[in-house]
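K.L.:
Dumping the structure here so I can ask a few things about it.
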Number of protein chains: 2
Amino acid sequence: MILRELKPLDFLKPEELETIHQAVLTILGKAGVEFHSQEARDILKKAGARVEGEKVFFPPELVMEQVALAPSEFTLHARNPENNVVIGGDYTVYAPGYGSPYVMDYVQNKRRNATYEDYIAFTKLAGSSENFDVVGGVLVEPNDIPDNLRHAKMLHASVKYTDKCLMGSAMGAKKAQESLEMAGIVFGGIDRVRKNPALISLINTNSPLKFDPRMLGAMMVYARNNQPVIIAALAMTGTTSAVTLAGSLIQQSAEILAGIVFAQLVNPGTPVVFGSASSIVDLRTGSLAIGSPESVKMFSVIAQLARHYGVPSRGGGSLTDALIPDSQSGYESMMVLMNTVLSGTNFVLHAAGLLENYMTMSYEKFINDDEMLGMIRNFSGRFPVDDDALALDTMFRVVEGGNFIADEHTFKHMKDMRNPIVSSRQNYASATELTDTAQRAHEYCKQVLRDFQRPPFDEKTEAELNKYIEGLG
Amino acid sequence: MILRELKPLDFLKPEELETIHQAVLTILGKAGVEFHSQEARDILKKAGARVEGEKVFFPPELVMEQVALAPSEFTLHARNPENNVVIGGDYTVYAPGYGSPYVMDYVQNKRRNATYEDYIAFTKLAGSSENFDVVGGVLVEPNDIPDNLRHAKMLHASVKYTDKCLMGSAMGAKKAQESLEMAGIVFGGIDRVRKNPALISLINTNSPLKFDPRMLGAMMVYARNNQPVIIAALAMTGTTSAVTLAGSLIQQSAEILAGIVFAQLVNPGTPVVFGSASSIVDLRTGSLAIGSPESVKMFSVIAQLARHYGVPSRGGGSLTDALIPDSQSGYESMMVLMNTVLSGTNFVLHAAGLLENYMTMSYEKFINDDEMLGMIRNFSGRFPVDDDALALDTMFRVVEGGNFIADEHTFKHMKDMRNPIVSSRQNYASATELTDTAQRAHEYCKQVLRDFQRPPFDEKTEAELNKYIEGLG
């Protein structure tokens with residue numbers, strides 16, 4: 001995780017924030033949110049919400065009172081405690097791309113279906129880089145694994161090849177329960193997992209203003225077991241939300257708050273994250289435009305709203321609409337990711353690998369994004385302004401006839417600067433060939449996978465986990 | 001120019017800023033700055049600075065008193081008054097790359113010497129895009145024009161092909177005087193140019209702590225005629241300044257302030273800009289690393305220091321160490337440019353076209369950067385949060401059975417979103433081929449140059465200008 005030392009960028013003025021907040025309460029109270037689960041509606045009704053058919057209307061007091069129960073930050077536990085992370089406050093935590101059905105083959109320059117082998121490879125890449133905190137999500141959709149086993153095989157790979165924090169399946173109550181049981185095996189019992197949350201999950205709303213039964217089922221399992229849930233809207237302007245940014249933001253916020261209130265009613269104090277993967281739509285083509293400045297503004301405001309409600313935020317990522325890892329892929333991803341971090345976002349899913357909005361993962365893009373994460377990590381930290389860093393004595397030595405390059409101060413600090421992993425600092429005259437950065441990323445990626453070594457894992461636990469997964473098949 | 005609506009990012013804490021300021025005064029008072037011009041030293045001595053040989057030592061009171069005379073913002077005038085710009089305050093003004101001796105040939109994938117034809121072509125590109133405010137600098141070095149005419153031919157092309165703001169030559173007093181006389185012809189007399197400044201020039205320091213006679217000569221001509229000067233340090237960490245960011249920054253600031261004080265002594269109230277093109281050096285290779293996060297931090301602090309001293313700032317740009325317009329070129333340029341703007345920089349030289357740090361201009365990179373400038377322009381502005389934008393009535397229509405895509409509110413606002421110029425928003429399935437963004441930029445650039453039309457220019461003035469330039473040859 002990175003500790004952001006700069007004050008977060010506030011996109012909305014205070015009075016605009018209040019206007020947005022009031023409009024959100026109006027939607028929650030008067031337009032209502034559909035909960036496609038009888039059990040969920042019963043819980044909400046009992047707490048004082050008005051229920052009409054599948055629609056739930058939230059009184060403002062209920063919203064504010066329940067949101068106040070959610071923690072402003074919490075710790076997510078990894079099987080290696082050195083990899084625990086704090087979600088909230090001035091911290092930003094990264095997880096790789098999530099949910100792509102496709103992989104871009106760099107050599108063939110073709111898109112193909114993702115497989116479990118890809119899932120494992122991306123897990124190894126994320127495990128090897130210091131920039132990733134959370135693995136175990138749907139890094140890619142392993143299309144070659146039967147649906148009833150996918151969640152288990154994904155979690156299995158994450159535990160086997162890394163010792164970082166994990167994500168759980170949001171695909172209904174059964175898979176959530178199974179994810180939890182696997183975590184129980186890894187962490188020494190479900191009770192310990194309840195005490196030290198170890199699975200964060202992504203609960204998506206169904207815009208406009210709906211929660212489907214699958215997501216609600218998973219959310220109830222996780223909330224009852226004190227596991228953190230990211231409640232995230234996926235609104236698309238002009239199609240599943242209003243075409244304007246303000247209109248889209250109030251709808252997204254209403255959906256997210258409805259989910260947060262529900263999680264608190266299931267289990268007061270459930271750790272939640274205020275999240276968004278929403279985007280503008282280019283209405284000329286009907287395509288998402290997640291690499292657009294307007295989408296970035298929405299992510300920025302989501303982080304500001306989360307601060308307003310006192311909960312951690314999720315949004316942004318290394319996002320682009322480019323189809324290949326070219327300059328557009330670079331400038332769009334950097335724009336989104338840099339502002340995601342400068343806006344104070346706490347949990348950044350999709351931090352590496354995605355091309356073609358959320359559709360395709362690319363190994364080369366993953367490495368390029370890993371480079372960007374390192375750059376932003378460096379940029380997010382201040383630099384020393386003390387006597388040693390000011391180096392006035394060095395300056396006086398130079399003025400009196402010395403030179404910087406040979407000065408002891410230069411030797412002492414010459415390794416302070418960050419070294420890139422694939423970015424070039426050659427000049428033209430000394431470059432033997434003009435390689436594309438994607439090509440260098442391709443080679444680098446192969447080397448990381450070749451050199452990969454698993455972190456230590458207790459044999460007995462691993463055997464027990466294997467047995468559990470076999471039992472599911 | 002763009003109006004930044006977000007509060008600038010402050011990298012230094014107030015107490016760090018004060019520490020830096022005190023160290024700068026120490027350098028100015030005790031290490032001194034060399035002024036390689038007798039005339040300049042006489043002016044400084046007369047004002048109360050201590051002079052020893054070529055070295056000038058500045059008492060703190062002299063520094064603060066003179067800096068206070070510099071305007072916090074000023075207007076730069078264009079021959080088309082609609083293109084006038086404000087330099088300072090919440091405005092950011094863009095000028096293209098400056099000073100590259102080379103051009104990257106995209107088709108041949110080779111670097112070659114820049115020519116006057118390139119200069120004209122880049123002038124047309126900058127003239128055609130709404131994102132550029134200032135032309136007439138050394139867009140590329142026209143190696144095929146004799147040195148004694150280059151400045152005049154460059155200014156000529158800028159006036160002929162655009163009606164935007166102009167830069168003057170900093171290559172000594174004679175060329176500065178000739179630039180001024182040309183501006184006099186264009187603007188109806190030197191007196192009018194004095195009253196309405198029309199030439200901004202780039203005065204570079206010679207790190208560590210020197211001003212050469214050529215730059216001082218030009219500065220004196222411009223200051224005496226009330227033309228704005230950017231005083232810019234070009235420190236390279238570990239070679240021409242301390243290896244640490246703080247150490248490099250105090251030296252840069254001392255150099256810049258020395259120049260600003262001198263400009264005010266030549267002519268109190270001369271418009272000045274506090275500038276930097278400094279960079280860290282990768283000491284493993286000896287190369288500049290202008291696309292590094294550390295270099296961005298320095299640019300950010302330069303903008304903050306300029307605010308502290310109450311003068312406009314210059315720094316950053318679309319900067320990269322990449323040799324070709326690939327993903328690195330995209331992510332580095334976006335990182336630098338985005339933070340240049342978010343840090344509140346007022347004048348952004350090198351806003352488009354550069355590859356290989358400051359060495360090479362690229363047509364394709366220029367178009368990619370133009371795209372980025374448009375994205376950042378959009379991102380820098382807030383969005384409406386009023387009843388129309390909140391669109392609660394649309395939301396209620398949808399909840400009652402309507403849909404967003406067919407709603408009148410969507411039709412009304414569907415054109416509000418920014419359209420990219422070369423970025424792709426196609427999805428893989430509908431893309432007939434996977435083109436690189438640089439390839440699309442190549443085609444786009446050819447089209448802009450093909451369609452280019454000169455803005456109107458008074459025939460008599462043009463004839464007079466032509467005659468003046470012929471007279472120089």
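Naming works like this for the structure tokens: A, B, ... for the chains as they're shown, residue 1 at the start of each chain, ligands 1 onward in shown order.
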Compute the chain A side of the contact with chain B at 7 Å, counting only C-alpha atoms, and hand it back as JSON, numbers by chain.

P.N.:
{"A": [6, 11, 16, 31, 238, 239, 240, 241, 242, 243, 244, 246, 247, 283, 287, 289, 293, 294, 297, 321, 322, 323, 325, 326, 327, 328, 329, 330, 331, 334, 335, 356, 375, 378, 379, 385, 389, 390, 391, 396, 399, 404, 405, 410, 413, 414, 423, 424, 425, 426, 427, 428, 434, 436, 437, 438]}

K.L.:
Can you pull out every residue from segment 211-400 of chain A that DSSP, working from the backbone, puts in strand (DSSP E or B), and format the result as a PyMOL selection string?

P.N.:
chain A and resi 211+229-233+236-237+241+272-276+279-282+287-289+313-314+347-348+354-355+360-362

K.L.:
Would you pick out the contacts of Leu202 of chain A at 7 Å or less, using only C-alpha atoms, so that residues sharing its chain but fewer than 3 positions from it are not included, and give the list as a list in words?

P.N.:
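Once the nearby chain positions are removed, what remains is Ala170, Val229, Ile230 and Ile231 of chain A.
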
K.L.:
Could the residues in this selection be written to a file with N, CA and C atoms, as a JSON list (two decimals), in the first residue's frame?

P.N.:
[["chain", "number", "residue", "atom", "x", "y", "z"],
["A", 170, "ALA", "N", -18.20, -12.93, -5.42],
["A", 170, "ALA", "CA", -19.47, -12.24, -5.17],
["A", 170, "ALA", "C", -20.61, -12.89, -5.93],
["A", 229, "VAL", "N", -16.91, -5.47, 2.17],
["A", 229, "VAL", "CA", -17.50, -5.48, 0.84],
["A", 229, "VAL", "C", -17.36, -4.10, 0.19],
["A", 230, "ILE", "N", -16.94, -4.14, -1.06],
["A", 230, "ILE", "CA", -16.93, -2.93, -1.88],
["A", 230, "ILE", "C", -18.29, -2.86, -2.56],
["A", 231, "ILE", "N", -19.04, -1.79, -2.29],
["A", 231, "ILE", "CA", -20.31, -1.63, -2.99],
["A", 231, "ILE", "C", -20.03, -0.67, -4.13]]

K.L.:
Could you list, as JSON, numbers by chain, every residue within 8 Å of Gly97 of chain A, counting only C-alpha atoms and ignoring same-chain residues fewer than 2 positions away?

P.N.:
{"A": [95, 99, 100, 138, 139, 140, 349, 350, 351, 352, 353, 354, 358, 361]}

K.L.:
Restrict the selected residues to C-alpha atoms and save them as a PDB file, in the first residue's frame.

P.N.:
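File written: out_3.pdb
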ATOM      1  CA  ALA A  95      -5.364  -4.805  -7.037  1.00  0.00           C
ATOM      2  CA  GLY A  99     -13.230  -9.532 -14.828  1.00  0.00           C
ATOM      3  CA  SER A 100     -11.829  -9.491 -18.374  1.00  0.00           C
ATOM      4  CA  VAL A 138     -11.252 -12.179 -11.233  1.00  0.00           C
ATOM      5  CA  LEU A 139      -7.866 -11.189 -12.718  1.00  0.00           C
ATOM      6  CA  VAL A 140      -9.182 -12.723 -15.906  1.00  0.00           C
ATOM      7  CA  LEU A 349      -9.116  -2.242  -8.531  1.00  0.00           C
ATOM      8  CA  HIS A 350      -8.038  -2.500 -12.190  1.00  0.00           C
ATOM      9  CA  ALA A 351      -4.636  -1.073 -11.281  1.00  0.00           C
ATOM     10  CA  ALA A 352      -2.910  -3.053 -14.042  1.00  0.00           C
ATOM     11  CA  GLY A 353      -3.384  -4.912 -17.272  1.00  0.00           C
ATOM     12  CA  LEU A 354      -6.601  -3.714 -18.852  1.00  0.00           C
ATOM     13  CA  TYR A 358     -12.747  -3.584 -18.977  1.00  0.00           C
ATOM     14  CA  MET A 361      -6.126  -8.143 -20.185  1.00  0.00           C
TER      15      MET A 361
END

K.L.:
I'd like the contact shell of Asn80 of chain A - 9 Å cut-off, only C-alpha atoms, skipping same-chain residues fewer than 2 positions apart - returned as a list in words.

P.N.:
His77, Ala78, Glu82, Asn83, Asn84, Asp163, Lys164 and Cys165 of chain A

K.L.:
Extract, using only C-alpha atoms, all DNA, RNA and protein residues at most 10 Å from segment 257-261 of chain B, discarding same-chain residues fewer than 5 positions from it, and format them as a PyMOL selection string.

P.N.:
chain B and resi 24-25+28+32-35+44+56-58+62-70+203-205+209-211+216+219+229-233+251-252+266-268+270-275+306+309+311

K.L.:
Of the candidates B:Ile2, B:Ala254, B:Leu465, B:Val186, which one gets nearest to Glu130 of chain B if we count only C-alpha atoms?

P.N.:
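Of B:Ile2, B:Ala254, B:Leu465, B:Val186, the one nearest Glu130 of chain B is B:Ile2, counting only C-alpha atoms.
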
K.L.:
Restricting the calculation to only C-alpha atoms: of B:Leu319, B:Ile145, B:Ala126, B:Ala223, which residue gets closest to Gln264 of chain B?

P.N.:
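Under the stated criterion, the closest residue is B:Ala223.
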
K.L.:
If I take atom CA of Ile190 of chain A and atom CA of Lys467 of chain A, how far is one from the other in Å, to one decimal?

P.N.:
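Those two atoms sit 17.0 Å apart.
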